[in-house]
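Structure below is run07.pdb: PDB, C-alpha atoms and all ligand atoms.
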```
ATOM      1  CA  MET A 211     113.963 115.337  93.061  1.00  0.00           C
ATOM      2  CA  PRO A 212     113.062 111.924  94.463  1.00  0.00           C
ATOM      3  CA  GLU A 213     115.127 110.283  97.118  1.00  0.00           C
ATOM      4  CA  LEU A 214     117.083 107.601  95.225  1.00  0.00           C
ATOM      5  CA  ILE A 215     118.467 104.578  97.045  1.00  0.00           C
ATOM      6  CA  VAL A 216     120.533 101.927  95.269  1.00  0.00           C
ATOM      7  CA  VAL A 217     121.047  98.650  97.105  1.00  0.00           C
ATOM      8  CA  PRO A 218     123.155  95.624  96.148  1.00  0.00           C
ATOM      9  CA  GLU A 219     120.342  93.067  96.556  1.00  0.00           C
ATOM     10  CA  PRO A 220     116.540  93.165  96.270  1.00  0.00           C
ATOM     11  CA  ASP A 221     116.263  91.638  99.761  1.00  0.00           C
ATOM     12  CA  GLU A 222     117.923  94.745 101.158  1.00  0.00           C
ATOM     13  CA  ALA A 223     115.372  96.899  99.362  1.00  0.00           C
ATOM     14  CA  GLY A 224     112.653  94.764 100.902  1.00  0.00           C
ATOM     15  CA  GLU A 225     114.029  95.341 104.402  1.00  0.00           C
ATOM     16  CA  LEU A 226     114.436  99.041 103.846  1.00  0.00           C
ATOM     17  CA  VAL A 227     110.947  99.606 102.500  1.00  0.00           C
ATOM     18  CA  ALA A 228     109.423  97.319 105.142  1.00  0.00           C
ATOM     19  CA  SER A 229     111.093  99.457 107.832  1.00  0.00           C
ATOM     20  CA  LYS A 230     109.442 102.513 106.316  1.00  0.00           C
ATOM     21  CA  VAL A 231     106.038 100.790 106.365  1.00  0.00           C
ATOM     22  CA  VAL A 232     106.531  99.593 109.941  1.00  0.00           C
ATOM     23  CA  ALA A 233     107.453 103.110 111.085  1.00  0.00           C
ATOM     24  CA  LEU A 234     104.294 104.428 109.445  1.00  0.00           C
ATOM     25  CA  VAL A 235     102.101 101.761 111.058  1.00  0.00           C
ATOM     26  CA  GLN A 236     103.679 102.200 114.476  1.00  0.00           C
ATOM     27  CA  ASN A 237     103.030 105.912 114.241  1.00  0.00           C
ATOM     28  CA  ASN A 238      99.447 105.368 113.028  1.00  0.00           C
ATOM     29  CA  PRO A 239      98.075 101.807 113.374  1.00  0.00           C
ATOM     30  CA  GLY A 240      95.206 102.627 110.989  1.00  0.00           C
ATOM     31  CA  SER A 241      97.514 103.693 108.146  1.00  0.00           C
ATOM     32  CA  VAL A 242      96.315 103.231 104.580  1.00  0.00           C
ATOM     33  CA  LEU A 243      98.754 101.256 102.446  1.00  0.00           C
ATOM     34  CA  GLY A 244      98.709 101.062  98.681  1.00  0.00           C
ATOM     35  CA  VAL A 245      99.912  97.618  97.678  1.00  0.00           C
ATOM     36  CA  ALA A 246     101.230  96.425  94.339  1.00  0.00           C
ATOM     37  CA  THR A 247     101.356  93.013  92.702  1.00  0.00           C
ATOM     38  CA  GLY A 248     104.034  91.556  90.432  1.00  0.00           C
ATOM     39  CA  THR A 249     107.306  89.993  91.493  1.00  0.00           C
ATOM     40  CA  THR A 250     109.090  93.179  92.567  1.00  0.00           C
ATOM     41  CA  PRO A 251     107.252  94.001  95.837  1.00  0.00           C
ATOM     42  CA  LEU A 252     107.379  90.420  97.137  1.00  0.00           C
ATOM     43  CA  VAL A 253     110.638  91.154  98.978  1.00  0.00           C
ATOM     44  CA  VAL A 254     108.806  93.903 100.884  1.00  0.00           C
ATOM     45  CA  TYR A 255     105.952  91.586 101.863  1.00  0.00           C
ATOM     46  CA  ARG A 256     108.399  88.901 102.994  1.00  0.00           C
ATOM     47  CA  ALA A 257     110.207  91.427 105.179  1.00  0.00           C
ATOM     48  CA  LEU A 258     106.900  92.721 106.570  1.00  0.00           C
ATOM     49  CA  ARG A 259     105.938  89.153 107.514  1.00  0.00           C
ATOM     50  CA  ARG A 260     109.103  88.922 109.583  1.00  0.00           C
ATOM     51  CA  HIS A 261     108.101  92.127 111.382  1.00  0.00           C
ATOM     52  CA  PHE A 262     104.614  90.695 111.955  1.00  0.00           C
ATOM     53  CA  GLU A 263     106.117  87.512 113.406  1.00  0.00           C
ATOM     54  CA  ALA A 264     108.282  89.700 115.641  1.00  0.00           C
ATOM     55  CA  GLY A 265     105.143  91.339 117.035  1.00  0.00           C
ATOM     56  CA  VAL A 266     104.281  94.338 114.855  1.00  0.00           C
ATOM     57  CA  ASP A 267     100.499  94.768 114.780  1.00  0.00           C
ATOM     58  CA  PHE A 268      98.993  95.317 111.308  1.00  0.00           C
ATOM     59  CA  SER A 269      95.421  94.533 112.363  1.00  0.00           C
ATOM     60  CA  LYS A 270      94.157  98.097 111.889  1.00  0.00           C
ATOM     61  CA  VAL A 271      95.891  98.747 108.558  1.00  0.00           C
ATOM     62  CA  ARG A 272      93.704  99.367 105.508  1.00  0.00           C
ATOM     63  CA  ALA A 273      95.120  98.270 102.141  1.00  0.00           C
ATOM     64  CA  PHE A 274      94.223  99.240  98.583  1.00  0.00           C
ATOM     65  CA  ALA A 275      95.494  97.389  95.534  1.00  0.00           C
ATOM     66  CA  LEU A 276      96.521  99.206  92.375  1.00  0.00           C
ATOM     67  CA  ASP A 277      94.627  97.098  89.894  1.00  0.00           C
ATOM     68  CA  GLU A 278      92.733  93.946  88.958  1.00  0.00           C
ATOM     69  CA  TYR A 279      92.248  91.938  85.792  1.00  0.00           C
ATOM     70  CA  VAL A 280      88.818  92.023  84.213  1.00  0.00           C
ATOM     71  CA  GLY A 281      86.973  88.760  83.848  1.00  0.00           C
ATOM     72  CA  LEU A 282      88.925  86.234  85.901  1.00  0.00           C
ATOM     73  CA  PRO A 283      86.539  84.025  87.874  1.00  0.00           C
ATOM     74  CA  ALA A 284      86.242  84.886  91.577  1.00  0.00           C
ATOM     75  CA  GLY A 285      88.956  83.071  93.496  1.00  0.00           C
ATOM     76  CA  HIS A 286      91.219  82.583  90.433  1.00  0.00           C
ATOM     77  CA  PRO A 287      94.701  82.194  91.966  1.00  0.00           C
ATOM     78  CA  GLU A 288      96.187  84.884  89.690  1.00  0.00           C
ATOM     79  CA  SER A 289      93.454  87.442  90.251  1.00  0.00           C
ATOM     80  CA  TYR A 290      95.016  90.290  92.165  1.00  0.00           C
ATOM     81  CA  ALA A 291      92.405  89.851  94.876  1.00  0.00           C
ATOM     82  CA  SER A 292      93.851  86.357  95.433  1.00  0.00           C
ATOM     83  CA  VAL A 293      97.460  87.504  95.113  1.00  0.00           C
ATOM     84  CA  ILE A 294      97.052  90.333  97.633  1.00  0.00           C
ATOM     85  CA  ASP A 295      95.181  88.018  99.983  1.00  0.00           C
ATOM     86  CA  ARG A 296      97.917  85.377  99.788  1.00  0.00           C
ATOM     87  CA  GLU A 297     101.037  87.554  99.669  1.00  0.00           C
ATOM     88  CA  VAL A 298     100.020  90.454 101.886  1.00  0.00           C
ATOM     89  CA  ARG A 299      96.857  90.092 103.931  1.00  0.00           C
ATOM     90  CA  GLN A 300      97.195  86.599 105.379  1.00  0.00           C
ATOM     91  CA  GLY A 301     100.843  87.005 106.352  1.00  0.00           C
ATOM     92  CA  LEU A 302     100.214  90.271 108.190  1.00  0.00           C
ATOM     93  CA  GLY A 303      96.966  89.469 109.952  1.00  0.00           C
ATOM     94  CA  ILE A 304      94.974  92.215 108.256  1.00  0.00           C
ATOM     95  CA  PRO A 305      91.207  91.535 108.441  1.00  0.00           C
ATOM     96  CA  ALA A 306      89.791  90.813 104.965  1.00  0.00           C
ATOM     97  CA  ALA A 307      87.227  93.621 105.209  1.00  0.00           C
ATOM     98  CA  GLN A 308      90.098  96.144 105.367  1.00  0.00           C
ATOM     99  CA  VAL A 309      91.615  95.084 102.037  1.00  0.00           C
ATOM    100  CA  HIS A 310      90.215  96.581  98.832  1.00  0.00           C
ATOM    101  CA  VAL A 311      90.930  95.491  95.275  1.00  0.00           C
ATOM    102  CA  PRO A 312      89.200  97.004  92.236  1.00  0.00           C
ATOM    103  CA  ASP A 313      86.265  94.922  91.059  1.00  0.00           C
ATOM    104  CA  GLY A 314      87.105  93.206  87.782  1.00  0.00           C
ATOM    105  CA  ASP A 315      83.684  91.609  87.337  1.00  0.00           C
ATOM    106  CA  PRO A 316      82.586  92.468  83.769  1.00  0.00           C
ATOM    107  CA  ALA A 317      79.027  92.965  85.057  1.00  0.00           C
ATOM    108  CA  GLY A 318      80.024  95.958  87.191  1.00  0.00           C
ATOM    109  CA  LEU A 319      82.614  97.701  85.035  1.00  0.00           C
ATOM    110  CA  ASP A 320      80.509 100.816  84.475  1.00  0.00           C
ATOM    111  CA  ASN A 321      81.065 102.060  87.981  1.00  0.00           C
ATOM    112  CA  ALA A 322      83.991  99.922  89.208  1.00  0.00           C
ATOM    113  CA  GLY A 323      86.327 102.895  88.996  1.00  0.00           C
ATOM    114  CA  GLN A 324      84.031 105.235  90.895  1.00  0.00           C
ATOM    115  CA  ARG A 325      83.352 102.640  93.602  1.00  0.00           C
ATOM    116  CA  PHE A 326      87.073 102.186  94.139  1.00  0.00           C
ATOM    117  CA  GLU A 327      87.733 105.933  94.245  1.00  0.00           C
ATOM    118  CA  ASP A 328      84.922 106.280  96.792  1.00  0.00           C
ATOM    119  CA  ALA A 329      86.443 103.555  98.967  1.00  0.00           C
ATOM    120  CA  ILE A 330      89.855 105.248  98.911  1.00  0.00           C
ATOM    121  CA  ALA A 331      88.266 108.594  99.763  1.00  0.00           C
ATOM    122  CA  GLN A 332      86.291 107.049 102.599  1.00  0.00           C
ATOM    123  CA  ALA A 333      89.537 105.668 104.059  1.00  0.00           C
ATOM    124  CA  GLY A 334      91.012 109.175 103.970  1.00  0.00           C
ATOM    125  CA  GLY A 335      93.371 108.581 101.033  1.00  0.00           C
ATOM    126  CA  VAL A 336      96.467 106.425 100.702  1.00  0.00           C
ATOM    127  CA  ASP A 337      99.339 107.196 103.079  1.00  0.00           C
ATOM    128  CA  LEU A 338     102.042 105.168 101.333  1.00  0.00           C
ATOM    129  CA  GLN A 339     101.765 103.578  97.910  1.00  0.00           C
ATOM    130  CA  LEU A 340     104.172 100.849  96.787  1.00  0.00           C
ATOM    131  CA  LEU A 341     104.832 100.726  93.050  1.00  0.00           C
ATOM    132  CA  GLY A 342     106.615  98.537  90.546  1.00  0.00           C
ATOM    133  CA  ILE A 343     107.187  99.575  86.952  1.00  0.00           C
ATOM    134  CA  GLY A 344     106.363  97.551  83.867  1.00  0.00           C
ATOM    135  CA  ALA A 345     108.639  97.231  80.849  1.00  0.00           C
ATOM    136  CA  THR A 346     106.185  99.520  79.017  1.00  0.00           C
ATOM    137  CA  GLY A 347     106.580 102.243  81.659  1.00  0.00           C
ATOM    138  CA  HIS A 348     103.245 101.462  83.231  1.00  0.00           C
ATOM    139  CA  ILE A 349     102.447 102.089  86.875  1.00  0.00           C
ATOM    140  CA  GLY A 350      99.402 100.192  87.979  1.00  0.00           C
ATOM    141  CA  PHE A 351      98.160  99.096  84.570  1.00  0.00           C
ATOM    142  CA  ASN A 352      98.364 102.599  83.084  1.00  0.00           C
ATOM    143  CA  GLU A 353      99.902 101.792  79.735  1.00  0.00           C
ATOM    144  CA  PRO A 354     101.623 104.248  77.359  1.00  0.00           C
ATOM    145  CA  GLY A 355      99.122 106.817  76.143  1.00  0.00           C
ATOM    146  CA  SER A 356      97.153 106.854  79.415  1.00  0.00           C
ATOM    147  CA  SER A 357      96.217 110.230  80.781  1.00  0.00           C
ATOM    148  CA  LEU A 358      98.501 111.379  83.583  1.00  0.00           C
ATOM    149  CA  THR A 359      95.525 112.764  85.525  1.00  0.00           C
ATOM    150  CA  SER A 360      93.062 109.852  85.224  1.00  0.00           C
ATOM    151  CA  LEU A 361      91.326 108.228  88.160  1.00  0.00           C
ATOM    152  CA  THR A 362      90.494 104.504  88.499  1.00  0.00           C
ATOM    153  CA  HIS A 363      89.317 103.226  85.107  1.00  0.00           C
ATOM    154  CA  VAL A 364      89.258 100.299  82.717  1.00  0.00           C
ATOM    155  CA  GLU A 365      92.466  99.960  80.709  1.00  0.00           C
ATOM    156  CA  THR A 366      93.442  97.757  77.762  1.00  0.00           C
ATOM    157  CA  LEU A 367      96.663  95.943  78.573  1.00  0.00           C
ATOM    158  CA  ALA A 368      99.608  96.478  76.238  1.00  0.00           C
ATOM    159  CA  GLU A 369     100.579  93.299  74.388  1.00  0.00           C
ATOM    160  CA  GLN A 370     104.025  93.490  76.047  1.00  0.00           C
ATOM    161  CA  THR A 371     102.361  93.494  79.468  1.00  0.00           C
ATOM    162  CA  ARG A 372     100.240  90.451  78.556  1.00  0.00           C
ATOM    163  CA  ILE A 373     103.405  88.669  77.399  1.00  0.00           C
ATOM    164  CA  ASP A 374     105.289  89.689  80.574  1.00  0.00           C
ATOM    165  CA  ASN A 375     102.429  88.485  82.780  1.00  0.00           C
ATOM    166  CA  SER A 376     101.822  85.267  80.846  1.00  0.00           C
ATOM    167  CA  ARG A 377     104.350  83.620  83.172  1.00  0.00           C
ATOM    168  CA  PHE A 378     101.575  83.545  85.780  1.00  0.00           C
ATOM    169  CA  PHE A 379      99.104  81.808  83.437  1.00  0.00           C
ATOM    170  CA  ASP A 380      99.092  78.540  81.474  1.00  0.00           C
ATOM    171  CA  THR A 381      99.123  80.280  78.098  1.00  0.00           C
ATOM    172  CA  LEU A 382      99.241  83.817  76.731  1.00  0.00           C
ATOM    173  CA  ALA A 383      95.643  83.404  75.609  1.00  0.00           C
ATOM    174  CA  ASP A 384      94.628  83.053  79.271  1.00  0.00           C
ATOM    175  CA  VAL A 385      95.940  86.536  80.164  1.00  0.00           C
ATOM    176  CA  PRO A 386      93.038  89.007  80.255  1.00  0.00           C
ATOM    177  CA  HIS A 387      93.034  91.921  77.825  1.00  0.00           C
ATOM    178  CA  LEU A 388      91.432  94.406  80.224  1.00  0.00           C
ATOM    179  CA  ALA A 389      92.057  95.560  83.765  1.00  0.00           C
ATOM    180  CA  VAL A 390      90.594  98.038  86.235  1.00  0.00           C
ATOM    181  CA  THR A 391      93.451 100.194  87.446  1.00  0.00           C
ATOM    182  CA  GLN A 392      93.993 103.170  89.672  1.00  0.00           C
ATOM    183  CA  GLY A 393      94.713 106.046  87.309  1.00  0.00           C
ATOM    184  CA  VAL A 394      98.009 107.899  87.365  1.00  0.00           C
ATOM    185  CA  GLY A 395      96.031 110.722  88.971  1.00  0.00           C
ATOM    186  CA  THR A 396      94.855 108.366  91.729  1.00  0.00           C
ATOM    187  CA  ILE A 397      98.394 107.167  92.343  1.00  0.00           C
ATOM    188  CA  MET A 398      99.699 110.749  92.460  1.00  0.00           C
ATOM    189  CA  ARG A 399      97.218 111.574  95.250  1.00  0.00           C
ATOM    190  CA  ALA A 400      98.911 109.155  97.651  1.00  0.00           C
ATOM    191  CA  ARG A 401     100.790 111.117 100.293  1.00  0.00           C
ATOM    192  CA  GLU A 402     103.984 109.128  99.761  1.00  0.00           C
ATOM    193  CA  LEU A 403     105.141 106.906  96.896  1.00  0.00           C
ATOM    194  CA  VAL A 404     107.823 104.209  96.895  1.00  0.00           C
ATOM    195  CA  LEU A 405     108.898 102.894  93.504  1.00  0.00           C
ATOM    196  CA  LEU A 406     110.918  99.683  93.400  1.00  0.00           C
ATOM    197  CA  ALA A 407     112.687  98.113  90.431  1.00  0.00           C
ATOM    198  CA  PHE A 408     115.270  95.367  90.161  1.00  0.00           C
ATOM    199  CA  GLY A 409     117.412  93.966  87.382  1.00  0.00           C
ATOM    200  CA  GLN A 410     119.084  95.145  84.212  1.00  0.00           C
ATOM    201  CA  ALA A 411     115.908  94.516  82.209  1.00  0.00           C
ATOM    202  CA  LYS A 412     114.279  97.483  83.987  1.00  0.00           C
ATOM    203  CA  ALA A 413     117.271  99.849  83.564  1.00  0.00           C
ATOM    204  CA  GLN A 414     116.126 101.552  80.382  1.00  0.00           C
ATOM    205  CA  ILE A 415     112.547 102.168  81.451  1.00  0.00           C
ATOM    206  CA  VAL A 416     113.663 103.368  84.906  1.00  0.00           C
ATOM    207  CA  ALA A 417     115.962 105.914  83.262  1.00  0.00           C
ATOM    208  CA  ARG A 418     113.205 107.090  80.899  1.00  0.00           C
ATOM    209  CA  ALA A 419     110.734 107.364  83.785  1.00  0.00           C
ATOM    210  CA  LEU A 420     113.027 109.278  86.127  1.00  0.00           C
ATOM    211  CA  GLU A 421     115.192 111.295  83.750  1.00  0.00           C
ATOM    212  CA  GLY A 422     113.205 111.511  80.523  1.00  0.00           C
ATOM    213  CA  PRO A 423     110.476 113.992  79.631  1.00  0.00           C
ATOM    214  CA  ILE A 424     107.214 113.798  81.581  1.00  0.00           C
ATOM    215  CA  SER A 425     104.913 112.293  79.007  1.00  0.00           C
ATOM    216  CA  GLU A 426     101.944 110.003  78.525  1.00  0.00           C
ATOM    217  CA  ASP A 427     104.320 107.826  76.497  1.00  0.00           C
ATOM    218  CA  VAL A 428     105.893 106.779  79.812  1.00  0.00           C
ATOM    219  CA  PRO A 429     103.144 106.943  82.453  1.00  0.00           C
ATOM    220  CA  ALA A 430     105.679 106.406  85.263  1.00  0.00           C
ATOM    221  CA  SER A 431     107.361 109.692  84.279  1.00  0.00           C
ATOM    222  CA  ALA A 432     104.512 111.462  86.121  1.00  0.00           C
ATOM    223  CA  LEU A 433     106.184 110.313  89.344  1.00  0.00           C
ATOM    224  CA  GLN A 434     108.810 113.030  88.805  1.00  0.00           C
ATOM    225  CA  MET A 435     106.112 115.516  89.847  1.00  0.00           C
ATOM    226  CA  HIS A 436     105.308 113.831  93.175  1.00  0.00           C
ATOM    227  CA  PRO A 437     106.564 115.779  96.195  1.00  0.00           C
ATOM    228  CA  HIS A 438     107.351 112.682  98.280  1.00  0.00           C
ATOM    229  CA  LEU A 439     108.791 109.928  96.101  1.00  0.00           C
ATOM    230  CA  THR A 440     111.415 107.389  97.157  1.00  0.00           C
ATOM    231  CA  VAL A 441     112.957 105.189  94.467  1.00  0.00           C
ATOM    232  CA  VAL A 442     114.672 101.985  95.565  1.00  0.00           C
ATOM    233  CA  LEU A 443     116.689 100.167  92.887  1.00  0.00           C
ATOM    234  CA  ASP A 444     119.311  97.484  92.687  1.00  0.00           C
ATOM    235  CA  GLU A 445     122.478  98.209  90.708  1.00  0.00           C
ATOM    236  CA  GLY A 446     121.090  96.600  87.556  1.00  0.00           C
ATOM    237  CA  ALA A 447     117.937  98.717  87.490  1.00  0.00           C
ATOM    238  CA  ALA A 448     119.970 101.867  88.283  1.00  0.00           C
ATOM    239  CA  SER A 449     122.601 101.205  85.626  1.00  0.00           C
ATOM    240  CA  GLN A 450     121.257 103.587  82.956  1.00  0.00           C
ATOM    241  CA  LEU A 451     120.634 106.582  85.219  1.00  0.00           C
ATOM    242  CA  LYS A 452     122.858 109.503  84.325  1.00  0.00           C
ATOM    243  CA  ARG A 453     122.460 111.804  87.293  1.00  0.00           C
TER     244      ARG A 453
HETATM  245  P1  LIG B   1     107.088  92.960  88.069  1.00  0.00           P
HETATM  246  O1  LIG B   1     105.936  93.854  87.463  1.00  0.00           O
HETATM  247  O2  LIG B   1     107.292  93.423  89.460  1.00  0.00           O
HETATM  248  O3  LIG B   1     106.551  91.563  88.027  1.00  0.00           O
HETATM  249  O4  LIG B   1     108.292  93.173  87.203  1.00  0.00           O
HETATM  250  C1  LIG B   1     105.999  95.234  87.616  1.00  0.00           C
HETATM  251  C2  LIG B   1     104.817  95.888  86.966  1.00  0.00           C
HETATM  252  O5  LIG B   1     104.322  95.381  85.946  1.00  0.00           O
HETATM  253  O6  LIG B   1     104.361  96.925  87.472  1.00  0.00           O
END
```
Produce structure tokens that represent the structure in this file.
Ligand code: PGA
Amino acid sequence: MPELIVVPEPDEAGELVASKVVALVQNNPGSVLGVATGTTPLVVYRALRRHFEAGVDFSKVRAFALDEYVGLPAGHPESYASVIDREVRQGLGIPAAQVHVPDGDPAGLDNAGQRFEDAIAQAGGVDLQLLGIGATGHIGFNEPGSSLTSLTHVETLAEQTRIDNSRFFDTLADVPHLAVTQGVGTIMRARELVLLAFGQAKAQIVARALEGPISEDVPASALQMHPHLTVVLDEGAASQLKR
């Protein structure tokens, strides 16, 4: 059973998870963090920035992103390389060479997954992986039907995910159709996982992921099998849990 924590406000979740990350980094300055994009983890990054400003040293941390869109031009502000740089790396003083994002360049897709797996392996694996959950039940960009054992690969985004993420783009047509994502199997190899979700709109998928059958229909349901999972929810996101 995962450790389940329900907090009144997302900011509190941010503080709590940031404290966990800080403890990890203080114990091992070269810790390997798995970082997620989307709106949900921003409260964690904001809290971490406050720790950085208070003197915590993140300069030896290595960070690995979950995923990247295929085909956005280098430097596109909504590419996950840009988002992680802006929201995580710069605010924590992590050298750019220590931050890895899958390569979404269409020219290198054949081996983008393998290159990313190699980089994670070379770093010694991920110590703590932050995760959000999509309305489809995706973790990373592993959409319904994805294998629960896959490694980093190219995935076709669900239409719902493109619609959900269109808020970051001018039009829906601008949202890429493909992404390179850590597989569920990659995510499950991290030594510790922290899943965050906020708001009533996530309640149903959170309940299916945590209390429903483990199935490729809900890729996040694989998390039930992880030996070291912490789930941090607000009351809205927790509202359909039965246990
Ligand atoms: P969100 O995205 O944090 O923006 O809701 C979560 C996800 O798609 O994994």
The PyMOL selection byres (((chain A and resi 410) around 6) and not hetatm) - which residues does that actually catch in the file I just gave you? List them as number ranges by chain. A: 409, 411-413, 446-447
Within 9 Å of Gln392 (chain A) using only C-alpha atoms, minus same-chain residues under 4 positions, as an MDAnalysis selection string: chainID A and resid 275:277 312 323 326:327 349:352 360:364 396:397
Could you turn the residues from that selection into a file that holds C-alpha atoms, as a compact mmCIF listing (two decimals), in the frame of the given file?
```txt
# COMPACT_ATOMS: atom_id res chain seq x y z
CA ALA A 275 95.49 97.39 95.53
CA LEU A 276 96.52 99.21 92.38
CA ASP A 277 94.63 97.10 89.89
CA PRO A 312 89.20 97.00 92.24
CA GLY A 323 86.33 102.90 89.00
CA PHE A 326 87.07 102.19 94.14
CA GLU A 327 87.73 105.93 94.24
CA ILE A 349 102.45 102.09 86.88
CA GLY A 350 99.40 100.19 87.98
CA PHE A 351 98.16 99.10 84.57
CA ASN A 352 98.36 102.60 83.08
CA SER A 360 93.06 109.85 85.22
CA LEU A 361 91.33 108.23 88.16
CA THR A 362 90.49 104.50 88.50
CA HIS A 363 89.32 103.23 85.11
CA VAL A 364 89.26 100.30 82.72
CA THR A 396 94.86 108.37 91.73
CA ILE A 397 98.39 107.17 92.34
```
Which residue is closest to ligand LIG 1 (chain B)? Choose from A:Glu263, A:Glu353, A:Glu402, A:Asp295 and count all atoms listed in the file. A:Glu353
Can you translate the PyMOL selection byres (((not hetatm)) within 10 of (chain B and resi 1)) into the concrete residues it hits in this file, as a VMD selection string? chain A and resid 246 to 252 276 341 to 353 371 to 372 374 to 375 377 to 378 405 to 409 411 to 412 430
Applying the PyMOL selection byres (((chain A and resi 299) around 10) and not hetatm) to the file I just gave you, which residues come out? Please list them as a compact mmCIF listing (two decimals) with C-alpha atoms, in the coordinates of the input.
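Resulting contents of selection30.txt:
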```txt
# COMPACT_ATOMS: atom_id res chain seq x y z
CA TYR A 255 105.95 91.59 101.86
CA ARG A 259 105.94 89.15 107.51
CA PHE A 268 98.99 95.32 111.31
CA SER A 269 95.42 94.53 112.36
CA VAL A 271 95.89 98.75 108.56
CA ARG A 272 93.70 99.37 105.51
CA ALA A 273 95.12 98.27 102.14
CA SER A 292 93.85 86.36 95.43
CA VAL A 293 97.46 87.50 95.11
CA ILE A 294 97.05 90.33 97.63
CA ASP A 295 95.18 88.02 99.98
CA ARG A 296 97.92 85.38 99.79
CA GLU A 297 101.04 87.55 99.67
CA VAL A 298 100.02 90.45 101.89
CA GLN A 300 97.20 86.60 105.38
CA GLY A 301 100.84 87.00 106.35
CA LEU A 302 100.21 90.27 108.19
CA GLY A 303 96.97 89.47 109.95
CA ILE A 304 94.97 92.22 108.26
CA PRO A 305 91.21 91.54 108.44
CA ALA A 306 89.79 90.81 104.96
CA GLN A 308 90.10 96.14 105.37
CA VAL A 309 91.62 95.08 102.04
```
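Here CA of Ala448 (chain A) is placed at a distance of 24.3 Å from CA of Ala368 (chain A).
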Go ahead and compute the interatomic distance for CA of Ala432 (chain A) and CA of Ser357 (chain A), in Å to one decimal. 9.9 Å
